[in-house]
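Below is one structure, written out as structure tokens; comments come after it.
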Amino acid sequence: SLGLLTVNALTAAHGVIIPLEAEYFALRGVALLIETIDKVEDRLNPKLKVDGILATMVDMRTLHSREVIERVHEAFGDRVFDTRISRTVKFPDASVAAEPITVYAPTHPGAQAYRRLARELVARGAAA
């Protein structure tokens, strides 16, 4: 949703991680979100920046996921995180348990992926 709550959150934020489901139509939504982010940056929050785009619900066994990932890299280049979050049943299980994946299943590849993302985000911040 790109409503008032989103605009308020972007106005208060210093950076944005854009989660992008590895589906074709999600790409169209990212374009709209980036337009909104640009408008907020111009009018309300000049310090706002896109920290990166995070591919989520990825299943690299499918041609569709591979093609979407390729298009995301073509469109957004180095703004795309190297870390990808794979599709797994552990995420909804963790939600039902009301725990983050890193607590619910700390050794699961999904939890490891989020730790990699945190390290990548910190590294990008250090490089900036």
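Letters A, B, ... mark the chains of the structure tokens in the order given; residue numbers begin at 1 per chain; ligand numbers begin at 1, in order shown.
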Residues flagged helix (DSSP H, G or I) by DSSP in chain A, as a PDB file with C-alpha atoms, in the first residue's frame:
ATOM      1  CA  LEU A   4      -0.673   7.929   4.059  1.00  0.00           C
ATOM      2  CA  LEU A   5       0.936   5.502   6.534  1.00  0.00           C
ATOM      3  CA  THR A   6       3.582   4.606   3.967  1.00  0.00           C
ATOM      4  CA  VAL A   7       4.297   8.262   3.253  1.00  0.00           C
ATOM      5  CA  ASN A   8       4.539   8.973   6.996  1.00  0.00           C
ATOM      6  CA  ALA A   9       6.943   6.056   7.484  1.00  0.00           C
ATOM      7  CA  LEU A  10       9.098   7.215   4.568  1.00  0.00           C
ATOM      8  CA  THR A  11       9.116  10.746   5.946  1.00  0.00           C
ATOM      9  CA  ALA A  12      10.502   9.458   9.261  1.00  0.00           C
ATOM     10  CA  TYR A  24       6.653 -10.635 -12.468  1.00  0.00           C
ATOM     11  CA  PHE A  25       3.863  -8.333 -11.272  1.00  0.00           C
ATOM     12  CA  ALA A  26       5.823  -7.413  -8.150  1.00  0.00           C
ATOM     13  CA  LEU A  27       8.295  -5.610 -10.421  1.00  0.00           C
ATOM     14  CA  ARG A  28       5.579  -3.188 -11.460  1.00  0.00           C
ATOM     15  CA  GLY A  29       4.813  -2.409  -7.832  1.00  0.00           C
ATOM     16  CA  VAL A  30       8.451  -1.612  -7.110  1.00  0.00           C
ATOM     17  CA  ALA A  31       8.443   1.024  -9.839  1.00  0.00           C
ATOM     18  CA  LEU A  32       5.466   2.727  -8.163  1.00  0.00           C
ATOM     19  CA  LEU A  33       7.115   2.509  -4.747  1.00  0.00           C
ATOM     20  CA  ILE A  34      10.335   4.057  -6.051  1.00  0.00           C
ATOM     21  CA  GLU A  35       8.302   6.923  -7.550  1.00  0.00           C
ATOM     22  CA  THR A  36       6.716   7.482  -4.127  1.00  0.00           C
ATOM     23  CA  ILE A  37      10.118   7.334  -2.426  1.00  0.00           C
ATOM     24  CA  ASP A  38      11.496   9.894  -4.902  1.00  0.00           C
ATOM     25  CA  LYS A  39       8.576  12.260  -4.234  1.00  0.00           C
ATOM     26  CA  VAL A  40       8.994  11.937  -0.459  1.00  0.00           C
ATOM     27  CA  GLU A  41      12.728  12.547  -0.823  1.00  0.00           C
ATOM     28  CA  ASP A  42      12.118  15.681  -2.944  1.00  0.00           C
ATOM     29  CA  ARG A  43       9.329  17.177  -0.824  1.00  0.00           C
ATOM     30  CA  LEU A  63      12.513 -20.449 -14.617  1.00  0.00           C
ATOM     31  CA  HIS A  64      10.106 -17.715 -13.514  1.00  0.00           C
ATOM     32  CA  SER A  65      12.141 -16.853 -10.388  1.00  0.00           C
ATOM     33  CA  ARG A  66      15.393 -16.885 -12.352  1.00  0.00           C
ATOM     34  CA  GLU A  67      13.942 -14.564 -15.006  1.00  0.00           C
ATOM     35  CA  VAL A  68      12.539 -12.157 -12.420  1.00  0.00           C
ATOM     36  CA  ILE A  69      15.896 -12.024 -10.601  1.00  0.00           C
ATOM     37  CA  GLU A  70      17.629 -11.324 -13.917  1.00  0.00           C
ATOM     38  CA  ARG A  71      15.188  -8.492 -14.738  1.00  0.00           C
ATOM     39  CA  VAL A  72      15.585  -6.994 -11.272  1.00  0.00           C
ATOM     40  CA  HIS A  73      19.358  -6.891 -11.736  1.00  0.00           C
ATOM     41  CA  GLU A  74      18.948  -5.349 -15.192  1.00  0.00           C
ATOM     42  CA  ALA A  75      16.606  -2.666 -13.871  1.00  0.00           C
ATOM     43  CA  PHE A  76      18.245  -1.831 -10.540  1.00  0.00           C
ATOM     44  CA  GLY A  77      21.861  -3.013 -10.822  1.00  0.00           C
ATOM     45  CA  ASP A  78      23.892  -2.671  -7.649  1.00  0.00           C
ATOM     46  CA  ARG A  79      20.838  -1.565  -5.656  1.00  0.00           C
ATOM     47  CA  LYS A  90       9.412 -21.999   8.043  1.00  0.00           C
ATOM     48  CA  PHE A  91       8.489 -18.328   7.622  1.00  0.00           C
ATOM     49  CA  PRO A  92       4.734 -18.838   8.082  1.00  0.00           C
ATOM     50  CA  ASP A  93       5.489 -21.313  10.885  1.00  0.00           C
ATOM     51  CA  ALA A  94       7.546 -18.642  12.656  1.00  0.00           C
ATOM     52  CA  SER A  95       4.730 -16.122  12.173  1.00  0.00           C
ATOM     53  CA  VAL A  96       2.213 -18.493  13.767  1.00  0.00           C
ATOM     54  CA  ILE A 101      12.774 -16.799  12.096  1.00  0.00           C
ATOM     55  CA  THR A 102      16.151 -16.245  13.772  1.00  0.00           C
ATOM     56  CA  VAL A 103      14.610 -17.321  17.094  1.00  0.00           C
ATOM     57  CA  TYR A 104      12.119 -19.900  15.819  1.00  0.00           C
ATOM     58  CA  PRO A 109      18.742 -21.355   5.830  1.00  0.00           C
ATOM     59  CA  GLY A 110      16.070 -18.613   6.030  1.00  0.00           C
ATOM     60  CA  ALA A 111      17.478 -17.361   9.336  1.00  0.00           C
ATOM     61  CA  GLN A 112      20.985 -17.558   7.923  1.00  0.00           C
ATOM     62  CA  ALA A 113      19.860 -15.511   4.899  1.00  0.00           C
ATOM     63  CA  TYR A 114      18.559 -12.721   7.123  1.00  0.00           C
ATOM     64  CA  ARG A 115      21.852 -12.681   9.019  1.00  0.00           C
ATOM     65  CA  ARG A 116      23.688 -12.397   5.671  1.00  0.00           C
ATOM     66  CA  LEU A 117      21.387  -9.518   4.742  1.00  0.00           C
ATOM     67  CA  ALA A 118      22.237  -7.719   8.002  1.00  0.00           C
ATOM     68  CA  ARG A 119      25.964  -8.134   7.323  1.00  0.00           C
ATOM     69  CA  GLU A 120      25.515  -6.948   3.736  1.00  0.00           C
ATOM     70  CA  LEU A 121      23.559  -3.899   4.871  1.00  0.00           C
ATOM     71  CA  VAL A 122      26.220  -3.002   7.425  1.00  0.00           C
ATOM     72  CA  ALA A 123      28.947  -3.455   4.788  1.00  0.00           C
ATOM     73  CA  ARG A 124      27.092  -1.153   2.378  1.00  0.00           C
ATOM     74  CA  GLY A 125      26.761   1.459   5.091  1.00  0.00           C
ATOM     75  CA  ALA A 126      30.464   1.257   5.857  1.00  0.00           C
ATOM     76  CA  ALA A 127      31.296   1.635   2.160  1.00  0.00           C
TER      77      ALA A 127
END
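Summary of the local environment: counting only C-alpha atoms, residues at most 7 Å from A:Ile85, other than itself and those fewer than 2 positions away along its chain, are Ala55, Thr56, Met57, Val58, Thr83, Arg87, Gly110 and Ala113 of chain A.
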Since we have the selection now, will you write its residues out, keeping all heavy atoms, as a compact mmCIF listing (two decimals), in the first residue's frame?
# COMPACT_ATOMS: atom_id res chain seq x y z
N ALA A 55 15.33 -9.53 -2.88
CA ALA A 55 14.50 -10.55 -3.54
C ALA A 55 14.04 -11.55 -2.48
O ALA A 55 14.85 -12.10 -1.74
CB ALA A 55 15.30 -11.25 -4.62
N THR A 56 12.71 -11.74 -2.41
CA THR A 56 12.13 -12.64 -1.42
C THR A 56 11.27 -13.69 -2.11
O THR A 56 10.90 -13.53 -3.27
CB THR A 56 11.26 -11.88 -0.41
OG1 THR A 56 10.14 -11.32 -1.09
CG2 THR A 56 12.04 -10.79 0.30
N MET A 57 10.96 -14.73 -1.37
CA MET A 57 10.13 -15.84 -1.87
C MET A 57 10.69 -16.40 -3.17
O MET A 57 9.96 -16.69 -4.11
CB MET A 57 8.67 -15.40 -2.01
CG MET A 57 8.10 -14.95 -0.67
SD MET A 57 6.40 -14.44 -0.74
CE MET A 57 5.61 -16.03 -0.76
N VAL A 58 12.00 -16.50 -3.19
CA VAL A 58 12.72 -16.95 -4.39
C VAL A 58 12.78 -18.47 -4.41
O VAL A 58 13.07 -19.10 -3.39
CB VAL A 58 14.15 -16.37 -4.40
CG1 VAL A 58 14.94 -16.90 -5.58
CG2 VAL A 58 14.13 -14.85 -4.37
N THR A 83 22.09 -11.01 -1.20
CA THR A 83 21.30 -11.95 -0.40
C THR A 83 19.92 -12.11 -1.01
O THR A 83 19.30 -11.14 -1.43
CB THR A 83 21.16 -11.43 1.04
OG1 THR A 83 22.46 -11.26 1.60
CG2 THR A 83 20.35 -12.38 1.90
N ARG A 87 11.92 -19.17 -0.72
CA ARG A 87 10.57 -19.57 -0.29
C ARG A 87 10.70 -20.81 0.61
O ARG A 87 11.37 -21.77 0.26
CB ARG A 87 9.73 -19.89 -1.52
CG ARG A 87 8.29 -20.24 -1.21
CD ARG A 87 7.52 -20.55 -2.48
NE ARG A 87 7.51 -19.46 -3.44
CZ ARG A 87 6.60 -18.50 -3.48
NH1 ARG A 87 5.62 -18.49 -2.60
NH2 ARG A 87 6.65 -17.54 -4.37
N GLY A 110 16.76 -19.90 6.04
CA GLY A 110 16.07 -18.61 6.03
C GLY A 110 16.62 -17.67 7.08
O GLY A 110 16.82 -16.48 6.82
N ALA A 113 19.97 -16.52 5.96
CA ALA A 113 19.86 -15.51 4.90
C ALA A 113 19.63 -14.12 5.49
O ALA A 113 20.23 -13.14 5.04
CB ALA A 113 18.74 -15.88 3.93
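Straight-line separation from atom CA of A:Ile53 to atom CA of A:Leu20: 6.7 Å.
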